[in-house]
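Everything below concerns the one structure shown next.
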Amino acid sequence: MQLTYLEAIRQGIWEEMDRDPTVFCLGEDIGIYGGAFKVTDGFIDRFGPERVIDTPIAESAIVGAAFGASLTGMRPVAEFQFMDFIGCAFNQISNMVAKTHYLWGAPAPLVLRGPSGGYVHGGPFHSQNPEMWFVHNPGLKVICPATPYDAKGLIKAAIRDNNPCIFFEHKYLYRRIKEEVPAEDYVVPIGKARIAREGRDLSVITYAAMVHTALQAAEILKNEGVDLEILDLRTVSPLDREAIAQTVKKTNKVILLHEHSRTGGLAGEIAAIINEEAFDDLDGPIIRIAGLDSAIPFSPPQEHHYLPKVEDVVREACRLKAY
Amino acid sequence: MGNKKTKPKASSNGNRPRNGSRPTKAPVGTAAPGRSVERSSTGSAKQQLRTYSIPDYRLEHPDFTVHQAIEKDKDGTEHVRYEVEGNLDAPVPPIRDSKYLDKRQSIEIYRYMLLNRKMEVALENLYKQGKVVGGVYFGLGQEACSCASAYALGKDDWFAPMIRNQGSLLVRGFRASDTMMQYMAKADSPTKGRDGTSHFGDIEKRNMVSPISMLGDLIPVLSGVALGARLQGRNLAVMTYIGDGGQSTGVTYEGINFAAVQNLGLVLFVESNLWAYSTPSEMQCRCQDLAERAIGYGIPGVIVDGTDACQVYDAAHEAVERAHRGEGPTLIEAKMMRMKGHAIHDAAAYVPKPMFDFWKKRDPIARFENYLAKEKKWLTPKENEALIAEVDKVIEAEREIAVNSPMPTPESAEGGVFCENGCHEIKPKYGIPRVKKGSGGYKETEAAVHLK
């Protein structure tokens with residue numbers, strides 16, 4: 001069946017709630033309204049207000065309550081209306097939830113999910129990609145799918161995981177991409193990258209909406225005689241070190257592409273992994289393409305300037321190919 | 001537990017008469033549960049006034065206030081100091097008879113309070129012997145609040161202590177050696193050396209959530225525990241604590257409000273111990289009594305003397321019963337004073353000495369001992385001596401266990417970040433949630449969205 005990215009996530013959560021009575025949802029406006037992006041549209045009619053809970057506008061309480069419920073063996077799925085607001089719950093996530101298994105041995109099987117990302121002119125507080133705030137927090141799994149198939153398989157895997165998972169849904173992709181998704185139950189393993197496009201000449205390592213940017217660049221580059229390999233990380237914590245090393249060993253040239261700001265971004269971490277795992281295989285500099293080191297601006301020309309573009313990938317690929 | 005009264009409330013929280021008037025009479029709360037509001041949209045100005053009140057079970061209403069003042073030393077150099085003003089010579093009130101506690105229970109609470117104090121004395125000595133890693137935090141003067149509150153919980157109820165509630169842990173079945181080993185960062189400590197103090201938990205048997213150092217975060221977490229249990233068909237009481245300092249945090253508001261709108265069985269002890277590290281409660285909030293905040297949350301609030309185990313127990317018991325009936329949260333303000341510094345390094349020199357003198361006379365253990373021995377005649381001097389000797393023996397044995405535990409190996413710092421390889425089985429603790437499903441099947445959504 002052909003599903004959009006958004007529909008794939010909806011269906012994944014729906015099926016998990018249908019399958020497992022310990023799964024429940026909480027968040028702002030997720031009940032009768034169905035959520036700001038309608039991910040939980042119709043859920044309250046099916047699963048009832050006990051399992052689809054509209055909360056006060058209180059992100060720390062949402063995360064805290066989800067965590068508390070998880071300690072009793074429930075599997076809460078908490079929605080952030082926009083992932084930008086996850087900062088309001090930072091302490092709960094970083095100091096309470098993430099450290100709990102390491103410090104006192106309590107598992108916290110909960111999912112924190114919501115829309116992130118730019119390209120929709122949401123402005124500085126509705127377009128951020130805050131995944132790196134959590135990559136630097138041991139104890140959390142951070143998931144950023146790029147396709148409907150992965151989105152459905154990964155949300156199910158996150159709900160079934162015994163650890164706190166933060167699930168970033170790229171809002172630009174919500175209704176823009178559609179693909180065939182199997183009707184039968186499946187999961188996509190957390191922590192495993194996938195090759196989104198096989199290629200010989202150089203590798204782009206990326207995730208979420210940037211996978212599609214890289215795919216478009218690959219079509220253009222094909223005509224330039226550059227064969228791009230694209231590694232879709234799918235999970236940004238824990239990173240699939242092996243897949244990163246493999247693609248570098250294959251193409252010997254690598255571009256790291258992400259939407260969030262360059263400094264302290266994921267590319268720095270991946271570059272270090274390449275240094276540790278595949279330094280001898282490099283035939284050129286590791287290139288970073290990333291958002292600017294500023295807030296993400298509102299006005300479309302400014303936002304366009306801030307965010308990585310297809311032409312950036314094409315330009316940098318041509319430059320790297322020359323090494 | 002609030003009730004309607006037409007007279008304006010005249011009590012203070014023990015240190016801050018405000019709005020220019022000083023309380024002259026001590027109202028004693030005897031209210032029935034349930035808050036009511038008097039209001040009218042028409043009629044006289046008087047009818048338009050809404051009045052709320054908070055039951056106050058104390059038998060005295062300490063009447064002094066702390067402020068900053070400039071003091072000159074002998075060289076004429078100016079220093080800013082805290083100064084206390086008010087009546088610090090009031091006689092010590094009696095213990096209020098409990099509506100619920102019998103002889104056996106009262107003596108058991110008294111024993112826990114002794115254990116609490118003697119464990120902390122042992123910790124102080126271990127610190128002086130250089131055996132403690134970091135500092136020691138004390139609940140001196142707060143033992144009645146810690147022990148009598150936790151004593152009111154049922155077996156399946158949950159709790160989470162704050163740093164000074166080491167007595168609550170003993171009541172809930174943890175051993176003194178658990179806390180001692182935490183302080184000494186030993187391999188056999190509940191966190192195997194990974195954290196110290198009362199920062200540990202147990203979701204299997206004792207139903208305790210581990211605290212973190214940030215204040216207020218436990219409140220929504222405990223509310224979530226109650227939510228999880230309710231989905232599994234159980235109305236549990238979930239007890240935690242917050243200080244007059246900690247209640248200033250935003251997450252405190254979020255957590256109580258969440259419990260209120262979801263009608264969850266949160267039993268929140270606001271321990272007004274007058275000092276948040278070095279800052280007096282006058283500088284934390286403007287309201288007269290922190291229990292008044294309950295009005296804003298739309299939940300019952302009550303004030304007790306935190307040095308009176310019977311008052312603490314009765315308020316906790318009623319709140320726990322309310323939680324078990326599914327009637328929602330209760331805020332209990334317990335008034336007392338932290339009788340040491342923030343931690344062992346802190347001599348609390350900023351506290352005006354007369355305040356220590358005042359509260360020392362209200363020592364929760366000495367008063368409860370006197371009550372049990374002399375008022376109720378439930379303990380003969382001989383029985384009391386035997387009980388104290390038994391507690392001493394327990395603490396000495398626990399100290400031995402703790403001291404003899406090895407330090408963890410360096411490598412034990414690794415691992416356990418994630419729950420993996422079947423280290424835990426996740427299952428609903430109180431039974432599979434009963435699920436009702438509506439008739440609607442899955443349909444694709446076509447509704448308008450915020451950003452496209």
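Order determines the names: the first chain of the structure tokens is A, the second B, and so forth; residues in each chain are numbered 1 upward, and ligands are numbered 1 upward as they are shown.
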Taking only C-alpha atoms into account, which residues of chain B are within 7 Å of chain A, as a PyMOL selection string? chain B and resi 191+194-195+200-201+203+212+217+220-225+227-229+251+254-255+258+416-419+426-429+432-433+435-440+444-445+447+449-452
File dump, residues just selected, C-alpha atoms, as a PDB file, in the first residue's frame:
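Full text of out-v4.pdb as output:
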```
ATOM      1  CA  THR B 191      23.737   2.163  42.579  1.00  0.00           C
ATOM      2  CA  ARG B 194      27.386   5.202  40.304  1.00  0.00           C
ATOM      3  CA  ASP B 195      25.568   7.790  42.412  1.00  0.00           C
ATOM      4  CA  PHE B 200      18.696   5.314  44.270  1.00  0.00           C
ATOM      5  CA  GLY B 201      15.472   3.543  43.611  1.00  0.00           C
ATOM      6  CA  ILE B 203      10.813  -0.355  40.921  1.00  0.00           C
ATOM      7  CA  ILE B 212      17.963  13.541  40.854  1.00  0.00           C
ATOM      8  CA  ASP B 217      11.398  16.942  38.534  1.00  0.00           C
ATOM      9  CA  PRO B 220       5.518  14.899  37.289  1.00  0.00           C
ATOM     10  CA  VAL B 221       7.369  11.586  37.389  1.00  0.00           C
ATOM     11  CA  LEU B 222       5.445  10.397  40.432  1.00  0.00           C
ATOM     12  CA  SER B 223       2.262  11.666  38.811  1.00  0.00           C
ATOM     13  CA  GLY B 224       3.154   9.512  35.812  1.00  0.00           C
ATOM     14  CA  VAL B 225       3.583   6.495  38.059  1.00  0.00           C
ATOM     15  CA  LEU B 227      -1.142   7.472  35.711  1.00  0.00           C
ATOM     16  CA  GLY B 228       0.519   4.207  34.671  1.00  0.00           C
ATOM     17  CA  ALA B 229      -0.994   2.370  37.623  1.00  0.00           C
ATOM     18  CA  VAL B 251       8.574  21.886  36.858  1.00  0.00           C
ATOM     19  CA  GLU B 254       3.895  21.633  35.844  1.00  0.00           C
ATOM     20  CA  GLY B 255       3.924  18.458  37.887  1.00  0.00           C
ATOM     21  CA  PHE B 258      -0.645  17.718  35.713  1.00  0.00           C
ATOM     22  CA  GLY B 416      24.464  -0.492  31.651  1.00  0.00           C
ATOM     23  CA  VAL B 417      23.755   2.695  29.709  1.00  0.00           C
ATOM     24  CA  PHE B 418      20.986   0.870  27.889  1.00  0.00           C
ATOM     25  CA  CYS B 419      18.586  -1.853  28.832  1.00  0.00           C
ATOM     26  CA  ILE B 426       8.982  -4.898  30.620  1.00  0.00           C
ATOM     27  CA  LYS B 427       5.539  -5.840  31.795  1.00  0.00           C
ATOM     28  CA  PRO B 428       2.697  -3.952  33.411  1.00  0.00           C
ATOM     29  CA  LYS B 429       3.254  -4.127  37.156  1.00  0.00           C
ATOM     30  CA  ILE B 432      -2.692  -5.814  31.650  1.00  0.00           C
ATOM     31  CA  PRO B 433      -4.593  -2.562  31.070  1.00  0.00           C
ATOM     32  CA  VAL B 435      -8.653  -1.725  26.775  1.00  0.00           C
ATOM     33  CA  LYS B 436     -11.869  -0.482  25.265  1.00  0.00           C
ATOM     34  CA  LYS B 437     -11.804   0.014  21.536  1.00  0.00           C
ATOM     35  CA  GLY B 438     -14.104   2.281  19.592  1.00  0.00           C
ATOM     36  CA  SER B 439     -15.782   1.088  16.432  1.00  0.00           C
ATOM     37  CA  GLY B 440     -13.750   3.320  14.074  1.00  0.00           C
ATOM     38  CA  GLU B 444      -6.065   8.093   6.334  1.00  0.00           C
ATOM     39  CA  THR B 445      -6.132  11.626   7.634  1.00  0.00           C
ATOM     40  CA  ALA B 447      -7.195  17.302   7.771  1.00  0.00           C
ATOM     41  CA  VAL B 449      -2.139  21.041   9.092  1.00  0.00           C
ATOM     42  CA  HIS B 450      -0.172  23.825  10.686  1.00  0.00           C
ATOM     43  CA  LEU B 451       2.797  24.038   8.282  1.00  0.00           C
ATOM     44  CA  LYS B 452       3.002  22.470   4.862  1.00  0.00           C
TER      45      LYS B 452
END
```
For range 306-323 of chain A: contacts at 7 Å, only C-alpha atoms, fewer than 5 positions along chain excluded, given as a list in words: Thr213, Ala214, Gln216, Ala217, Leu221, Glu259, Asp283, Gly284, Ile289, Ala290, Gly291, Leu292 and Ile296 of chain A
Those same residues - N, CA and C atoms - I'd like them written as an mmCIF file, in the first residue's frame.
```
data_model
loop_
_atom_site.group_PDB
_atom_site.id
_atom_site.type_symbol
_atom_site.label_atom_id
_atom_site.label_comp_id
_atom_site.auth_asym_id
_atom_site.auth_seq_id
_atom_site.Cartn_x
_atom_site.Cartn_y
_atom_site.Cartn_z
ATOM 1 N N THR A 213 17.644 15.335 -0.600
ATOM 2 C CA THR A 213 18.508 16.349 -1.221
ATOM 3 C C THR A 213 19.681 15.665 -1.921
ATOM 4 N N ALA A 214 20.279 14.715 -1.245
ATOM 5 C CA ALA A 214 21.424 13.990 -1.817
ATOM 6 C C ALA A 214 20.990 13.168 -3.034
ATOM 7 N N GLN A 216 18.568 13.833 -5.098
ATOM 8 C CA GLN A 216 18.396 14.758 -6.240
ATOM 9 C C GLN A 216 19.750 15.171 -6.809
ATOM 10 N N ALA A 217 20.688 15.443 -5.919
ATOM 11 C CA ALA A 217 22.033 15.813 -6.370
ATOM 12 C C ALA A 217 22.659 14.667 -7.175
ATOM 13 N N LEU A 221 24.442 14.742 -10.734
ATOM 14 C CA LEU A 221 25.858 14.361 -10.812
ATOM 15 C C LEU A 221 26.103 13.194 -11.768
ATOM 16 N N GLU A 259 21.287 19.100 8.283
ATOM 17 C CA GLU A 259 20.510 20.328 8.230
ATOM 18 C C GLU A 259 20.834 21.275 9.385
ATOM 19 N N ASP A 283 40.912 9.440 0.404
ATOM 20 C CA ASP A 283 41.664 10.021 -0.714
ATOM 21 C C ASP A 283 41.385 11.504 -0.888
ATOM 22 N N GLY A 284 40.767 12.100 0.082
ATOM 23 C CA GLY A 284 40.461 13.524 -0.018
ATOM 24 C C GLY A 284 39.966 14.024 1.321
ATOM 25 N N ILE A 289 28.713 19.703 4.770
ATOM 26 C CA ILE A 289 27.680 20.634 4.295
ATOM 27 C C ILE A 289 26.619 20.665 5.391
ATOM 28 N N ALA A 290 26.358 21.864 5.900
ATOM 29 C CA ALA A 290 25.462 21.943 7.061
ATOM 30 C C ALA A 290 24.767 23.291 7.088
ATOM 31 N N GLY A 291 23.833 23.428 8.010
ATOM 32 C CA GLY A 291 23.180 24.709 8.241
ATOM 33 C C GLY A 291 24.180 25.719 8.774
ATOM 34 N N LEU A 292 23.815 26.993 8.654
ATOM 35 C CA LEU A 292 24.701 28.052 9.147
ATOM 36 C C LEU A 292 24.749 28.040 10.676
ATOM 37 N N ILE A 296 17.734 29.444 12.730
ATOM 38 C CA ILE A 296 17.194 29.267 11.388
ATOM 39 C C ILE A 296 16.173 30.384 11.121
#
```
Just give me the gap between CA of Gln166 in chain B and CA of Glu271 in chain B in Å, one decimal is fine.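 Between these atoms lies a distance of 13.8 Å.
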Run DSSP on the backbone of this structure and report the residues of range 35-188 of chain B it assigns to strand (DSSP E), as number ranges by chain. B: 63-72, 78-87, 158-160
Just the residues within 12 Å of Glu400 in chain B, please, counting only C-alpha atoms, with nothing from its chain fewer than 2 positions along; format it as a PyMOL selection string. chain B and resi 122+126+176-178+180-181+393-398+402-406
Write the residues you've just listed into a file as a PDB file, in the first residue's frame, and include C-alpha atoms for each of them.
```pdb
ATOM      1  CA  ALA B 122      26.975   7.657  62.029  1.00  0.00           C
ATOM      2  CA  LEU B 126      32.164   8.375  58.810  1.00  0.00           C
ATOM      3  CA  ALA B 176      20.756   2.126  56.811  1.00  0.00           C
ATOM      4  CA  SER B 177      23.734   0.439  55.156  1.00  0.00           C
ATOM      5  CA  ASP B 178      22.202   1.181  51.737  1.00  0.00           C
ATOM      6  CA  MET B 180      25.767   4.643  54.117  1.00  0.00           C
ATOM      7  CA  MET B 181      27.258   2.752  51.166  1.00  0.00           C
ATOM      8  CA  LYS B 393      23.061  -1.859  67.767  1.00  0.00           C
ATOM      9  CA  VAL B 394      21.350  -1.894  64.386  1.00  0.00           C
ATOM     10  CA  ILE B 395      23.192   1.221  63.273  1.00  0.00           C
ATOM     11  CA  GLU B 396      26.525  -0.181  64.406  1.00  0.00           C
ATOM     12  CA  ALA B 397      25.899  -3.414  62.483  1.00  0.00           C
ATOM     13  CA  GLU B 398      24.810  -1.466  59.400  1.00  0.00           C
ATOM     14  CA  ALA B 402      28.865  -0.453  54.825  1.00  0.00           C
ATOM     15  CA  VAL B 403      32.476   0.075  55.839  1.00  0.00           C
ATOM     16  CA  ASN B 404      33.403  -3.473  54.841  1.00  0.00           C
ATOM     17  CA  SER B 405      31.977  -3.184  51.363  1.00  0.00           C
ATOM     18  CA  PRO B 406      34.752  -2.798  48.771  1.00  0.00           C
TER      19      PRO B 406
END
```
Test item, helix (DSSP H, G or I) assignment across range 59-150 of chain A, answer as a ChimeraX atom specification: /A:59-71,83-97,100-104,132-135,148-150
Keeping only C-alpha atoms, take the residues you just selected and write them out as a PDB file, in the first residue's frame.
```pdb
ATOM      1  CA  GLU A  59       6.606  19.676  28.289  1.00  0.00           C
ATOM      2  CA  SER A  60       8.458  18.758  31.482  1.00  0.00           C
ATOM      3  CA  ALA A  61       5.265  17.304  32.878  1.00  0.00           C
ATOM      4  CA  ILE A  62       4.643  15.375  29.668  1.00  0.00           C
ATOM      5  CA  VAL A  63       8.085  13.786  29.730  1.00  0.00           C
ATOM      6  CA  GLY A  64       8.009  13.283  33.497  1.00  0.00           C
ATOM      7  CA  ALA A  65       4.609  11.631  33.358  1.00  0.00           C
ATOM      8  CA  ALA A  66       5.653   9.439  30.438  1.00  0.00           C
ATOM      9  CA  PHE A  67       8.731   8.366  32.371  1.00  0.00           C
ATOM     10  CA  GLY A  68       6.760   7.671  35.545  1.00  0.00           C
ATOM     11  CA  ALA A  69       4.243   5.588  33.627  1.00  0.00           C
ATOM     12  CA  SER A  70       7.062   3.668  31.947  1.00  0.00           C
ATOM     13  CA  LEU A  71       8.371   2.697  35.390  1.00  0.00           C
ATOM     14  CA  MET A  83      10.500  19.311  18.429  1.00  0.00           C
ATOM     15  CA  ASP A  84      11.687  22.870  19.049  1.00  0.00           C
ATOM     16  CA  PHE A  85       9.743  22.688  22.315  1.00  0.00           C
ATOM     17  CA  ILE A  86      11.702  19.697  23.537  1.00  0.00           C
ATOM     18  CA  GLY A  87      14.099  22.201  25.103  1.00  0.00           C
ATOM     19  CA  CYS A  88      11.395  22.960  27.668  1.00  0.00           C
ATOM     20  CA  ALA A  89      11.764  19.380  28.891  1.00  0.00           C
ATOM     21  CA  PHE A  90      15.511  19.171  28.605  1.00  0.00           C
ATOM     22  CA  ASN A  91      16.230  18.471  32.246  1.00  0.00           C
ATOM     23  CA  GLN A  92      13.674  15.684  32.450  1.00  0.00           C
ATOM     24  CA  ILE A  93      15.146  14.047  29.375  1.00  0.00           C
ATOM     25  CA  SER A  94      18.813  14.589  30.066  1.00  0.00           C
ATOM     26  CA  ASN A  95      19.038  14.184  33.818  1.00  0.00           C
ATOM     27  CA  MET A  96      16.029  12.064  34.699  1.00  0.00           C
ATOM     28  CA  VAL A  97      15.263   9.773  31.772  1.00  0.00           C
ATOM     29  CA  THR A 100      18.066   6.195  34.854  1.00  0.00           C
ATOM     30  CA  HIS A 101      19.208   2.792  33.605  1.00  0.00           C
ATOM     31  CA  TYR A 102      22.879   3.497  34.098  1.00  0.00           C
ATOM     32  CA  LEU A 103      22.475   4.931  37.581  1.00  0.00           C
ATOM     33  CA  TRP A 104      19.831   2.823  39.244  1.00  0.00           C
ATOM     34  CA  MET A 132      22.315  16.844  18.596  1.00  0.00           C
ATOM     35  CA  TRP A 133      21.196  18.031  22.046  1.00  0.00           C
ATOM     36  CA  PHE A 134      20.363  14.384  22.677  1.00  0.00           C
ATOM     37  CA  VAL A 135      23.130  12.660  20.759  1.00  0.00           C
ATOM     38  CA  PRO A 148       7.765   6.060   4.877  1.00  0.00           C
ATOM     39  CA  TYR A 149       8.990   2.449   5.089  1.00  0.00           C
ATOM     40  CA  ASP A 150      11.646   3.340   7.629  1.00  0.00           C
TER      41      ASP A 150
END
```
12 Å contact set for Ile70 in chain B, only C-alpha atoms, chain neighbours under 2 positions out, as a ChimeraX atom specification: /B:67-68,72-73,76-83
CA of Leu110 in chain A and CA of Ala260 in chain B, how far apart in Å?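 CA of Ala260 in chain B sits 22.7 Å away from CA of Leu110 in chain A.
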In Å, how far is it from CA of Gln105 in chain B to CA of Trp378 in chain B? 11.0 Å
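Using only C-alpha atoms for every distance, the candidate list B:Ser106, B:Asn207, B:Asn384, B:Ser198 yields B:Asn207 as the residue closest to Gly154 in chain B.
Considering the residues A:Leu282, A:Met210, A:Ala196, A:Ile155 and counting only C-alpha atoms, Val248 in chain A has its shortest atom-to-atom contact with A:Leu282.
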